[in-house]
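Novice: Handing you this structure, nothing more for now.
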Amino acid sequence: MRLTLAVTFLLAATLLAEPTQSDRYRYAPLVSAAKLWNMIRYLHPRVTGDSTAWDAALVAALPKIGTAHSDEELAVALDDMLKTLQDPCTRIALGLPGAGVSVQSLDADTMVIHAANGDLSGSMGAGLMLKMGIPQTNYLVWDLRSSRLPFLLVSRPEIRQLSINGIGYAFRRHSGYPPQDGTGQRYYSSSLQIVEPHLAAGQSTARRSQVYLIDKDSAVPVQAVIDQIHGHTAVFSEDPPGDSQAGYTELVNVLGKVVAEVRVAELYYPDGTTGFAPNRVVLNRGQEAIKPAAQAIRSMEWGMPGERPNFQLRPSAFRDMPYADNPYPSREMRILAAFRIWGILHYFNPRVSTLADKWDDVLVELLPKFSEAKSALEYHLAIAEMAARTGDVSCQARSTQLEAIFGTAEPPFEVRFVEGQPVITLLFKQGSAQAGDVILKIDGQPVQNRIDQVSRYFAASAPLALETRLCRFLLTGPSPGTIKLTVRGKDNTERDISVMVSPDNQKIRAAHRSGDSVRLIDEKIGYADLERAGSALDAMFEKFQHTSAIIFDLRGYPRDTAMAISARLGNRNQPVAAEFLRNVVSIGASESHISFLQTELRIPRTAGQRY
């Protein structure tokens with residue numbers, strides 16, 4: 001399903017039930033999962049290229065996410081999804097069941113913190129220590145084996161502090177959203193931004209001698225890496241290290257007590273390496289592995305770190321798969337569609353980005369319509385409604401299914417809203433309708449019913465703009481046929497009329513602008529139909545050179561001549577005609593990871609005659 005909806009409407013539009021308050025709570029886990037999934041999609045430095053694998057991870061996790069009845073159940077379901085990334089730095093850090101943080105005293109001078117899953121609720125002593133500061137002790141061993149301890153609970157530097165500590169970093173940056181069909185690619189870009197490290201002196205904040213004990217599933221805190229490279233701490237590992245065990249992360253409050261930690265940048269050292277290397281791989285396991293760590297910390301003889309892996313230049317771009325083969329996909333794929341539409345517009349539509357929590361509310365409201373759609377019709381209408389809720393007239397939905405449902409059969413006249421009422425203003429061919437008739441009912445139902453039904457599928461920035469968009473499609477049908485209208489004529493008398501709607505009336509609509517496309521109405525006024533005029537601008541302005549005014553007819557779809565015509569109408573070279581905002585998505589931009597790139601559209605210079 002492509003996210004451009006050009007929608008015409010059924011005479012009897014199918015309506016979906018509004019979500020209840022209980023729906024809002026029932027769908028809360030899915031809404032929170034949508035935010036986490038999209039953040040990883042666009043910011044995680046290893047989720048790039050073809051989206052199939054990350055899509056599949058969500059689809060597989062959705063049944064458990066959607067039926068989660070507690071924080072723990074949601075945490076387990078999301079953690080299963082995150083495990084598909086095979087990235088220890090991206091995980092559920094708080095909310096998982098199991099043992100929480102605990103403290104062990106080896107002797108009066110040595111303390112061991114067993115981080116476990118990072119949950120502090122069942123370990124008040126350890127929780128107070130981490131929140132209020134670890135008591136004075138000479139030696140400290142952090143046991144991070146299979147740990148879920150969020151880095152926020154230990155000393156965690158801000159990302160700009162990495163560079164001054166001799167560590168650079170690399171992160172993804174997206175300038176706009178590239179169309180799936182490949183058009184307009186030159187206007188959009190994704191890149192891997194690399195911030196070079198400074199060769200600074202030791203900046204460690206370590207206040208005591210400490211050692212980190214890890215295994216192959218551990219994520220190494222960034223602060224531990226900083227302290228290690230400055231010689232103030234050591235990392236011991238039970239297993240040979242992996243290249244994904246260190247990176248810069250952000251915490252994401254998912255829902256309730258559930259907190260995720262997500263890799264958003266790779267580490268980048270002056271020698272072209274990344275990640276980390278342990279000081280020592282220990283042979284001991286379990287409790288016995290703590291002993292060499294404690295011995296090393298007392299003697300301060302832990303050796304130099306091994307060789308770090310080389311930095312790997314990864315792709316930065318993404319490609320969302322279209323999945324266009326099934327007009328009515330499974331429930332999980334429909335939810336995936338809702339997640340993707342919401343995420344694309346949240347991150348890349350400048351108008352939607354300013355809606356903040358209101359756009360979250362749209363997902364809460366419409367997700368049940370995606371999930372519970374009983375047919376392709378309901379599913380496609382849900383997509384159309386989400387696009388319309390942006391309030392952006394350029395955001396529409398288009399699909400073969402919608403075209404087949406709403407059709408192209410239209411009446412042989414033009415309808416416009418006048419003082420809030422639909423009025424027949426122009427006849428394309430003679431019939432029972434008359435110019436000036438106010439439409440009161442459609443097939444016996446008040447016209448306001450139809451307006452209310454179809455207006456939810458049109459994006460508009462203001463009521464007047466919505467009326468303008470509705471007027472053409474108010475009476476559109478899926479196939480040729482007759483509709484019954486009740487109208488009030490110029491004499492204020494109501495009457496019933498029959499109107500034949502047909503695709504052929506489109507041709508009549510297009511043909512009613514008769515005569516030469518470029519002509520003189522009189523010696524002082526010129527006329528140009530910009531849909532039919534073509535690009536012979538020199539001849540057009542030669543014809544109009546002695547007129548006092550020109551009427552440019554924009555009732556059709558204009559050719560690509562607007563800027564060239566504008567250059568002939570002004571008296572300045574290259575004035576600014578418009579300013580555009582494009583979303584730039586990356587870390588560090590703001591809490592939402594969104595900043596804006598402002599560009600100007602200038603009218604070009606012209607060598608032709610000015611009007």
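Residues in the structure tokens are numbered from 1 in each chain, the chains being A, B, ... in the order shown, and ligands are numbered from 1 in the order shown.
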Would you list the contacts of Tyr212 (chain A) as a ChimeraX atom specification, taking every protein, DNA or RNA residue within 8 Å and counting only C-alpha atoms, but skipping same-chain residues closer than 2 positions in sequence?
Specialist: /A:141-144,210,214,224,233-236,293
Novice: What would the file look like if the residues just selected were written as an mmCIF file, in the first residue's frame with all heavy atoms?
Specialist:
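See result-v2.cif below for the written result:
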data_model
loop_
_atom_site.group_PDB
_atom_site.id
_atom_site.type_symbol
_atom_site.label_atom_id
_atom_site.label_comp_id
_atom_site.auth_asym_id
_atom_site.auth_seq_id
_atom_site.Cartn_x
_atom_site.Cartn_y
_atom_site.Cartn_z
ATOM 1 N N VAL A 141 33.619 -4.177 41.961
ATOM 2 C CA VAL A 141 33.492 -5.053 40.793
ATOM 3 C C VAL A 141 32.054 -4.964 40.296
ATOM 4 O O VAL A 141 31.107 -5.264 41.030
ATOM 5 C CB VAL A 141 33.846 -6.513 41.134
ATOM 6 C CG1 VAL A 141 33.608 -7.409 39.910
ATOM 7 C CG2 VAL A 141 35.288 -6.629 41.604
ATOM 8 N N TRP A 142 31.902 -4.532 39.049
ATOM 9 C CA TRP A 142 30.579 -4.529 38.395
ATOM 10 C C TRP A 142 30.412 -5.856 37.670
ATOM 11 O O TRP A 142 31.108 -6.125 36.693
ATOM 12 C CB TRP A 142 30.481 -3.392 37.386
ATOM 13 C CG TRP A 142 30.381 -2.021 37.990
ATOM 14 C CD1 TRP A 142 31.396 -1.178 38.264
ATOM 15 C CD2 TRP A 142 29.178 -1.356 38.362
ATOM 16 N NE1 TRP A 142 30.926 -0.015 38.799
ATOM 17 C CE2 TRP A 142 29.552 -0.090 38.866
ATOM 18 C CE3 TRP A 142 27.825 -1.685 38.318
ATOM 19 C CZ2 TRP A 142 28.628 0.825 39.329
ATOM 20 C CZ3 TRP A 142 26.897 -0.765 38.781
ATOM 21 C CH2 TRP A 142 27.298 0.474 39.278
ATOM 22 N N ASP A 143 29.491 -6.680 38.128
ATOM 23 C CA ASP A 143 29.203 -7.958 37.473
ATOM 24 C C ASP A 143 28.075 -7.740 36.467
ATOM 25 O O ASP A 143 26.900 -7.716 36.820
ATOM 26 C CB ASP A 143 28.810 -9.003 38.521
ATOM 27 C CG ASP A 143 28.642 -10.391 37.902
ATOM 28 O OD1 ASP A 143 28.795 -10.517 36.666
ATOM 29 O OD2 ASP A 143 28.343 -11.339 38.654
ATOM 30 N N LEU A 144 28.458 -7.554 35.203
ATOM 31 C CA LEU A 144 27.477 -7.259 34.139
ATOM 32 C C LEU A 144 27.181 -8.481 33.277
ATOM 33 O O LEU A 144 26.637 -8.337 32.180
ATOM 34 C CB LEU A 144 28.001 -6.122 33.249
ATOM 35 C CG LEU A 144 28.299 -4.785 33.933
ATOM 36 C CD1 LEU A 144 28.731 -3.754 32.898
ATOM 37 C CD2 LEU A 144 27.099 -4.287 34.712
ATOM 38 N N GLN A 210 37.995 0.088 40.063
ATOM 39 C CA GLN A 210 36.876 -0.779 39.745
ATOM 40 C C GLN A 210 37.177 -1.580 38.494
ATOM 41 O O GLN A 210 37.990 -1.188 37.659
ATOM 42 C CB GLN A 210 35.594 0.022 39.574
ATOM 43 C CG GLN A 210 35.691 1.176 38.572
ATOM 44 C CD GLN A 210 34.448 2.055 38.586
ATOM 45 O OE1 GLN A 210 33.453 1.721 39.225
ATOM 46 N NE2 GLN A 210 34.509 3.177 37.894
ATOM 47 N N ILE A 214 32.196 -9.117 32.386
ATOM 48 C CA ILE A 214 31.151 -9.296 31.380
ATOM 49 C C ILE A 214 31.215 -10.700 30.805
ATOM 50 O O ILE A 214 32.151 -11.468 31.058
ATOM 51 C CB ILE A 214 31.305 -8.268 30.242
ATOM 52 C CG1 ILE A 214 32.592 -8.540 29.451
ATOM 53 C CG2 ILE A 214 31.257 -6.839 30.762
ATOM 54 C CD1 ILE A 214 32.702 -7.750 28.168
ATOM 55 N N ALA A 224 32.550 2.978 31.122
ATOM 56 C CA ALA A 224 33.577 1.965 31.356
ATOM 57 C C ALA A 224 34.629 1.996 30.256
ATOM 58 O O ALA A 224 35.826 1.832 30.506
ATOM 59 C CB ALA A 224 32.939 0.582 31.437
ATOM 60 N N THR A 233 40.314 1.813 34.699
ATOM 61 C CA THR A 233 39.509 0.645 35.002
ATOM 62 C C THR A 233 39.861 -0.450 34.007
ATOM 63 O O THR A 233 40.621 -0.222 33.044
ATOM 64 C CB THR A 233 38.000 0.964 34.945
ATOM 65 O OG1 THR A 233 37.264 -0.107 35.532
ATOM 66 C CG2 THR A 233 37.515 1.133 33.511
ATOM 67 N N ALA A 234 39.301 -1.634 34.228
ATOM 68 C CA ALA A 234 39.559 -2.766 33.345
ATOM 69 C C ALA A 234 38.249 -3.480 33.066
ATOM 70 O O ALA A 234 37.286 -3.388 33.837
ATOM 71 C CB ALA A 234 40.555 -3.736 33.979
ATOM 72 N N VAL A 235 38.206 -4.185 31.937
ATOM 73 C CA VAL A 235 37.060 -5.008 31.565
ATOM 74 C C VAL A 235 37.560 -6.439 31.419
ATOM 75 O O VAL A 235 38.451 -6.717 30.605
ATOM 76 C CB VAL A 235 36.417 -4.518 30.246
ATOM 77 C CG1 VAL A 235 35.231 -5.401 29.896
ATOM 78 C CG2 VAL A 235 35.983 -3.054 30.369
ATOM 79 N N PHE A 236 36.999 -7.342 32.229
ATOM 80 C CA PHE A 236 37.298 -8.770 32.144
ATOM 81 C C PHE A 236 36.101 -9.466 31.512
ATOM 82 O O PHE A 236 34.960 -9.123 31.807
ATOM 83 C CB PHE A 236 37.556 -9.363 33.532
ATOM 84 C CG PHE A 236 38.908 -9.029 34.111
ATOM 85 C CD1 PHE A 236 39.657 -7.987 33.597
ATOM 86 C CD2 PHE A 236 39.425 -9.762 35.165
ATOM 87 C CE1 PHE A 236 40.904 -7.674 34.119
ATOM 88 C CE2 PHE A 236 40.670 -9.455 35.706
ATOM 89 C CZ PHE A 236 41.405 -8.406 35.181
ATOM 90 N N ALA A 293 39.056 -10.885 39.027
ATOM 91 C CA ALA A 293 38.723 -9.465 38.903
ATOM 92 C C ALA A 293 39.068 -8.736 40.194
ATOM 93 O O ALA A 293 39.642 -7.631 40.182
ATOM 94 C CB ALA A 293 37.243 -9.295 38.566
#
Novice: Taking 5 positions as the minimum chain separation for residues in the same chain, which residues sit within 9 Å of Trp54 (chain A) when counting only C-alpha atoms? Answer as a list in words.
Specialist: Trp37, Arg41, Val47, Val59, Met81, Thr84 and Leu85 of chain A
Novice: Using only C-alpha atoms, which protein or nucleic acid residues come within 9 Å of Thr67 (chain A)? Drop anything in the same chain fewer than 6 positions from it, and give the result as a ChimeraX atom specification.
Specialist: /A:26,29,73-74
Novice: Please list as a ChimeraX atom specification every residue within 6 Å of Arg416 (chain A), counting only C-alpha atoms and excluding residues in the same chain fewer than 4 positions away.
Specialist: /A:422-423,471
Novice: With only C-alpha atoms as the basis for distance, which of A:Arg495, A:Arg568, A:Lys35, A:Arg555 is at the shortest distance from Leu537 (chain A)?
Specialist: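 Closest to Leu537 (chain A) of all the choices is A:Arg568.
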Novice: Tell me, as a list in words, which residues lie within 12 Å of Pro322 (chain A), counting only C-alpha atoms; anything in the same chain fewer than 2 positions away does not count.
Specialist: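 My reading of the contact set: Met1, Arg2, Leu3, Asp50, Ser51, Thr52, Asp55, Pro179, Gln180, Asp181, Arg319, Asp320, Ala324, Asp325, Asn326, Pro327, Met333, Leu336, Ala337, Arg340, Ile341 and Ser399 of chain A.
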Novice: Restrict the selected residues to N, CA, C and O atoms and save them as an mmCIF file, in the first residue's frame.
Specialist:
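Output saved as selection05.cif:
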data_model
loop_
_atom_site.group_PDB
_atom_site.id
_atom_site.type_symbol
_atom_site.label_atom_id
_atom_site.label_comp_id
_atom_site.auth_asym_id
_atom_site.auth_seq_id
_atom_site.Cartn_x
_atom_site.Cartn_y
_atom_site.Cartn_z
ATOM 1 N N MET A 1 0.833 -1.172 0.000
ATOM 2 C CA MET A 1 0.000 0.000 0.000
ATOM 3 C C MET A 1 0.876 1.234 0.000
ATOM 4 O O MET A 1 1.618 1.461 0.931
ATOM 5 N N ARG A 2 0.800 2.009 -1.069
ATOM 6 C CA ARG A 2 1.629 3.203 -1.167
ATOM 7 C C ARG A 2 0.960 4.349 -0.428
ATOM 8 O O ARG A 2 -0.249 4.524 -0.472
ATOM 9 N N LEU A 3 1.752 5.134 0.237
ATOM 10 C CA LEU A 3 1.225 6.217 1.044
ATOM 11 C C LEU A 3 1.075 7.496 0.236
ATOM 12 O O LEU A 3 1.761 8.467 0.406
ATOM 13 N N ASP A 50 17.230 -2.841 3.218
ATOM 14 C CA ASP A 50 15.955 -3.542 3.101
ATOM 15 C C ASP A 50 15.319 -3.711 4.479
ATOM 16 O O ASP A 50 15.939 -4.194 5.424
ATOM 17 N N SER A 51 14.039 -3.344 4.605
ATOM 18 C CA SER A 51 13.367 -3.371 5.904
ATOM 19 C C SER A 51 12.787 -4.729 6.259
ATOM 20 O O SER A 51 12.194 -4.879 7.328
ATOM 21 N N THR A 52 12.944 -5.731 5.399
ATOM 22 C CA THR A 52 12.238 -6.995 5.579
ATOM 23 C C THR A 52 12.497 -7.625 6.940
ATOM 24 O O THR A 52 11.561 -8.061 7.628
ATOM 25 N N ASP A 55 10.903 -5.641 9.784
ATOM 26 C CA ASP A 55 9.449 -5.811 9.674
ATOM 27 C C ASP A 55 9.035 -7.172 10.226
ATOM 28 O O ASP A 55 8.067 -7.288 10.984
ATOM 29 N N PRO A 179 11.049 8.788 -1.832
ATOM 30 C CA PRO A 179 9.902 8.015 -2.344
ATOM 31 C C PRO A 179 10.294 6.582 -2.676
ATOM 32 O O PRO A 179 11.401 6.315 -3.135
ATOM 33 N N GLN A 180 9.368 5.655 -2.433
ATOM 34 C CA GLN A 180 9.641 4.248 -2.702
ATOM 35 C C GLN A 180 9.836 3.970 -4.185
ATOM 36 O O GLN A 180 10.551 3.036 -4.554
ATOM 37 N N ASP A 181 9.179 4.760 -5.031
ATOM 38 C CA ASP A 181 9.267 4.486 -6.467
ATOM 39 C C ASP A 181 10.538 5.053 -7.095
ATOM 40 O O ASP A 181 10.753 4.920 -8.304
ATOM 41 N N ARG A 319 15.155 1.307 3.142
ATOM 42 C CA ARG A 319 14.213 1.109 2.038
ATOM 43 C C ARG A 319 13.012 0.342 2.582
ATOM 44 O O ARG A 319 13.113 -0.832 2.914
ATOM 45 N N ASP A 320 11.902 1.039 2.703
ATOM 46 C CA ASP A 320 10.685 0.399 3.182
ATOM 47 C C ASP A 320 10.066 -0.430 2.065
ATOM 48 O O ASP A 320 9.800 0.081 0.973
ATOM 49 N N ALA A 324 2.880 -4.840 -1.731
ATOM 50 C CA ALA A 324 1.696 -4.412 -2.481
ATOM 51 C C ALA A 324 0.903 -5.560 -3.082
ATOM 52 O O ALA A 324 -0.054 -5.332 -3.816
ATOM 53 N N ASP A 325 1.271 -6.807 -2.785
ATOM 54 C CA ASP A 325 0.645 -7.929 -3.464
ATOM 55 C C ASP A 325 -0.687 -8.345 -2.855
ATOM 56 O O ASP A 325 -1.443 -9.085 -3.477
ATOM 57 N N ASN A 326 -0.998 -7.895 -1.646
ATOM 58 C CA ASN A 326 -2.216 -8.344 -0.972
ATOM 59 C C ASN A 326 -3.015 -7.137 -0.504
ATOM 60 O O ASN A 326 -2.606 -6.428 0.408
ATOM 61 N N PRO A 327 -4.192 -6.878 -1.104
ATOM 62 C CA PRO A 327 -4.980 -5.704 -0.701
ATOM 63 C C PRO A 327 -5.585 -5.836 0.687
ATOM 64 O O PRO A 327 -5.969 -4.832 1.289
ATOM 65 N N MET A 333 0.151 -7.699 9.551
ATOM 66 C CA MET A 333 0.658 -6.837 8.480
ATOM 67 C C MET A 333 -0.113 -5.527 8.413
ATOM 68 O O MET A 333 0.446 -4.480 8.067
ATOM 69 N N LEU A 336 1.433 -3.495 11.075
ATOM 70 C CA LEU A 336 2.714 -3.022 10.553
ATOM 71 C C LEU A 336 2.508 -1.798 9.665
ATOM 72 O O LEU A 336 3.267 -0.816 9.744
ATOM 73 N N ALA A 337 1.489 -1.826 8.814
ATOM 74 C CA ALA A 337 1.199 -0.676 7.952
ATOM 75 C C ALA A 337 0.895 0.564 8.778
ATOM 76 O O ALA A 337 1.383 1.666 8.489
ATOM 77 N N ARG A 340 4.124 1.891 10.253
ATOM 78 C CA ARG A 340 4.990 2.530 9.267
ATOM 79 C C ARG A 340 4.450 3.891 8.849
ATOM 80 O O ARG A 340 5.210 4.871 8.754
ATOM 81 N N ILE A 341 3.154 3.972 8.584
ATOM 82 C CA ILE A 341 2.573 5.252 8.181
ATOM 83 C C ILE A 341 2.763 6.275 9.293
ATOM 84 O O ILE A 341 3.190 7.416 9.063
ATOM 85 N N SER A 399 -4.725 3.779 -3.996
ATOM 86 C CA SER A 399 -4.571 2.348 -4.219
ATOM 87 C C SER A 399 -5.603 1.907 -5.242
ATOM 88 O O SER A 399 -6.635 2.552 -5.440
#
Novice: Could you check which of A:Pro350, A:Gly100, A:Pro221, A:Gly444 is closest to Thr486 (chain A), using only C-alpha atoms?
Specialist: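 For Thr486 (chain A), the nearest of the given residues is A:Gly444.
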Novice: Provide the CA of Phe370 (chain A) to CA of Ala338 (chain A) distance in Å, to one decimal place.
Specialist: 6.7 Å
Novice: Excluding Arg308 (chain A) and its own-chain neighbours fewer than 3 positions away, which residues fall within 7 Å of it when counting only C-alpha atoms? Please give them as a list in words.
Specialist: Thr273, Thr274, Gly275, Phe276 and Ala277 of chain A
Novice: Of the residues A:Leu597, A:Leu140, A:Cys89, A:Val487, which is the one nearest to His114 (chain A), using only C-alpha atoms?
Specialist: A:Leu140
Novice: Can you pull out every residue within 12 Å of Glu591 (chain A), counting only C-alpha atoms, but drop anything in the same chain fewer than 5 positions away, and send it as a compact mmCIF listing (two decimals) with N, CA and C atoms, in the first residue's frame?
Specialist:
# COMPACT_ATOMS: atom_id res chain seq x y z
N MET A 39 11.70 4.29 16.05
CA MET A 39 12.95 4.93 16.45
C MET A 39 14.13 4.06 16.02
N GLU A 250 20.65 5.32 23.90
CA GLU A 250 19.68 6.21 24.52
C GLU A 250 18.63 5.36 25.23
N LEU A 251 18.11 5.90 26.32
CA LEU A 251 17.03 5.23 27.04
C LEU A 251 15.69 5.67 26.47
N VAL A 252 14.77 4.73 26.36
CA VAL A 252 13.44 5.00 25.82
C VAL A 252 12.41 4.52 26.84
N ALA A 356 3.16 16.83 17.75
CA ALA A 356 3.64 16.22 18.99
C ALA A 356 2.67 15.15 19.48
N VAL A 585 16.42 13.96 10.32
CA VAL A 585 16.29 13.03 11.44
C VAL A 585 17.67 12.50 11.81
N SER A 586 18.06 12.70 13.06
CA SER A 586 19.34 12.19 13.55
C SER A 586 19.37 12.37 15.06
Novice: Enter the distance from CA of Val258 (chain A) to CA of Leu94 (chain A), in Å, rounded to one decimal.
Specialist: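 Computed distance, CA of Val258 (chain A) to CA of Leu94 (chain A), equals 5.3 Å.
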Novice: Residues of region 222-406 of chain A in alpha helix (DSSP H) according to DSSP, as a count of residues only?
Specialist: 75
Novice: So how far away is CA of Tyr323 (chain A) from CA of Ala382 (chain A), in Å?
Specialist: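 CA of Tyr323 (chain A) lies 16.9 Å from CA of Ala382 (chain A).
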Novice: Restricting the calculation to only C-alpha atoms: of A:Ala61, A:Gly166, A:Val264, A:Asp217, which residue gets closest to His593 (chain A)?
Specialist: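 Distance minimum relative to His593 (chain A) lands on A:Val264.
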Novice: Determine the nearest neighbour of Lys484 (chain A) from the options A:Gly608, A:Gly556, A:Pro446, A:Pro503, counting only C-alpha atoms.
Specialist: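 Checking each of A:Gly608, A:Gly556, A:Pro446, A:Pro503 against Lys484 (chain A), counting only C-alpha atoms, the winner is A:Pro446.
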Novice: For a quick check of understanding, using only C-alpha atoms, which of A:Thr110, A:Ser175, A:Asn284, A:Gln545 has the smallest distance to Gln609 (chain A)?
Specialist: A:Gln545
Novice: Could you give me the residues within region 383-536 of chain A that DSSP places in strand (DSSP E), as a tab-separated table (two decimals) with N, CA and C atoms, in the first residue's frame?
Specialist:
chain	number	residue	atom	x	y	z
A	413	PHE	N	-22.26	18.04	-13.80
A	413	PHE	CA	-22.24	19.45	-13.37
A	413	PHE	C	-21.19	19.63	-12.29
A	414	GLU	N	-20.88	20.88	-12.02
A	414	GLU	CA	-19.90	21.23	-11.00
A	414	GLU	C	-20.63	21.64	-9.73
A	415	VAL	N	-20.08	21.20	-8.59
A	415	VAL	CA	-20.65	21.57	-7.29
A	415	VAL	C	-19.63	22.42	-6.53
A	416	ARG	N	-20.09	23.50	-5.94
A	416	ARG	CA	-19.24	24.33	-5.08
A	416	ARG	C	-19.99	24.63	-3.80
A	417	PHE	N	-19.24	24.83	-2.71
A	417	PHE	CA	-19.86	25.21	-1.45
A	417	PHE	C	-19.99	26.73	-1.41
A	418	VAL	N	-21.20	27.18	-1.21
A	418	VAL	CA	-21.51	28.60	-1.10
A	418	VAL	C	-22.17	28.82	0.24
A	421	GLN	N	-23.09	25.60	1.98
A	421	GLN	CA	-24.03	24.68	1.36
A	421	GLN	C	-23.54	24.27	-0.03
A	422	PRO	N	-23.71	22.98	-0.39
A	422	PRO	CA	-23.30	22.54	-1.73
A	422	PRO	C	-24.29	23.04	-2.79
A	423	VAL	N	-23.75	23.78	-3.77
A	423	VAL	CA	-24.59	24.40	-4.79
A	423	VAL	C	-24.10	23.98	-6.17
A	424	ILE	N	-25.04	23.65	-7.05
A	424	ILE	CA	-24.70	23.36	-8.45
A	424	ILE	C	-24.41	24.69	-9.14
A	425	THR	N	-23.18	24.86	-9.60
A	425	THR	CA	-22.78	26.17	-10.13
A	425	THR	C	-22.54	26.17	-11.63
A	426	LEU	N	-22.26	25.02	-12.22
A	426	LEU	CA	-21.94	24.99	-13.65
A	426	LEU	C	-22.41	23.68	-14.24
A	427	LEU	N	-23.21	23.75	-15.29
A	427	LEU	CA	-23.72	22.56	-15.98
A	427	LEU	C	-22.82	22.23	-17.15
A	438	VAL	N	-29.47	24.21	-4.70
A	438	VAL	CA	-28.79	23.82	-3.47
A	438	VAL	C	-29.13	22.36	-3.18
A	439	ILE	N	-28.13	21.52	-3.00
A	439	ILE	CA	-28.37	20.10	-2.76
A	439	ILE	C	-28.71	19.90	-1.29
A	440	LEU	N	-29.89	19.31	-1.03
A	440	LEU	CA	-30.37	19.10	0.33
A	440	LEU	C	-30.24	17.65	0.77
A	441	LYS	N	-30.56	16.71	-0.14
A	441	LYS	CA	-30.53	15.29	0.20
A	441	LYS	C	-29.91	14.49	-0.94
A	442	ILE	N	-29.31	13.36	-0.57
A	442	ILE	CA	-28.77	12.42	-1.55
A	442	ILE	C	-29.40	11.07	-1.26
A	445	GLN	N	-31.24	10.87	2.03
A	445	GLN	CA	-30.51	11.17	3.26
A	445	GLN	C	-30.00	12.61	3.23
A	446	PRO	N	-30.03	13.29	4.38
A	446	PRO	CA	-29.52	14.67	4.41
A	446	PRO	C	-28.10	14.74	3.85
A	481	GLY	N	-24.58	5.03	-12.99
A	481	GLY	CA	-25.87	4.77	-12.36
A	481	GLY	C	-26.60	6.06	-12.10
A	482	THR	N	-27.78	5.90	-11.52
A	482	THR	CA	-28.64	7.05	-11.24
A	482	THR	C	-28.73	7.29	-9.74
A	483	ILE	N	-28.60	8.54	-9.33
A	483	ILE	CA	-28.80	8.90	-7.94
A	483	ILE	C	-29.95	9.90	-7.86
A	484	LYS	N	-30.61	9.90	-6.72
A	484	LYS	CA	-31.74	10.80	-6.49
A	484	LYS	C	-31.28	11.95	-5.60
A	485	LEU	N	-31.55	13.15	-6.04
A	485	LEU	CA	-31.20	14.33	-5.26
A	485	LEU	C	-32.46	15.13	-4.93
A	486	THR	N	-32.48	15.71	-3.74
A	486	THR	CA	-33.48	16.71	-3.39
A	486	THR	C	-32.76	18.05	-3.38
A	487	VAL	N	-33.24	18.98	-4.19
A	487	VAL	CA	-32.58	20.28	-4.33
A	487	VAL	C	-33.58	21.39	-4.06
A	488	ARG	N	-33.05	22.57	-3.72
A	488	ARG	CA	-33.87	23.77	-3.58
A	488	ARG	C	-33.43	24.75	-4.64
A	494	GLU	N	-38.44	23.23	-3.23
A	494	GLU	CA	-37.73	21.96	-3.22
A	494	GLU	C	-38.31	21.04	-4.29
A	495	ARG	N	-37.43	20.26	-4.90
A	495	ARG	CA	-37.88	19.29	-5.90
A	495	ARG	C	-36.91	18.11	-5.92
A	496	ASP	N	-37.40	16.97	-6.37
A	496	ASP	CA	-36.57	15.77	-6.50
A	496	ASP	C	-36.16	15.61	-7.95
A	497	ILE	N	-34.88	15.33	-8.16
A	497	ILE	CA	-34.38	15.14	-9.52
A	497	ILE	C	-33.55	13.87	-9.57
A	498	SER	N	-33.41	13.30	-10.75
A	498	SER	CA	-32.55	12.13	-10.99
A	498	SER	C	-31.33	12.59	-11.77
A	499	VAL	N	-30.18	12.09	-11.35
A	499	VAL	CA	-28.92	12.49	-11.99
A	499	VAL	C	-28.15	11.24	-12.37
A	500	MET	N	-27.68	11.19	-13.61
A	500	MET	CA	-26.88	10.08	-14.08
A	500	MET	C	-25.41	10.39	-13.84
A	501	VAL	N	-24.75	9.54	-13.04
A	501	VAL	CA	-23.31	9.69	-12.84
A	501	VAL	C	-22.59	8.70	-13.75
A	518	VAL	N	-4.94	30.02	-25.53
A	518	VAL	CA	-4.35	31.34	-25.33
A	518	VAL	C	-5.06	32.29	-26.28
A	519	ARG	N	-5.74	33.30	-25.72
A	519	ARG	CA	-6.52	34.20	-26.59
A	519	ARG	C	-6.74	35.54	-25.89
A	520	LEU	N	-7.18	36.51	-26.68
A	520	LEU	CA	-7.57	37.81	-26.16
A	520	LEU	C	-9.08	37.81	-25.92
A	521	ILE	N	-9.49	38.11	-24.68
A	521	ILE	CA	-10.92	38.26	-24.40
A	521	ILE	C	-11.41	39.58	-25.00
A	522	ASP	N	-10.61	40.61	-24.83
A	522	ASP	CA	-10.80	41.88	-25.54
A	522	ASP	C	-9.42	42.51	-25.66
A	525	ILE	N	-7.62	42.46	-22.08
A	525	ILE	CA	-7.54	41.30	-21.18
A	525	ILE	C	-7.14	40.06	-21.98
A	526	GLY	N	-6.10	39.40	-21.52
A	526	GLY	CA	-5.69	38.14	-22.12
A	526	GLY	C	-6.15	36.96	-21.27
A	527	TYR	N	-6.24	35.77	-21.91
A	527	TYR	CA	-6.67	34.54	-21.22
A	527	TYR	C	-5.74	33.40	-21.61
A	528	ALA	N	-5.30	32.61	-20.58
A	528	ALA	CA	-4.45	31.45	-20.85
A	528	ALA	C	-4.89	30.29	-19.97
A	529	ASP	N	-5.28	29.18	-20.62
A	529	ASP	CA	-5.59	27.94	-19.90
A	529	ASP	C	-4.26	27.19	-19.74
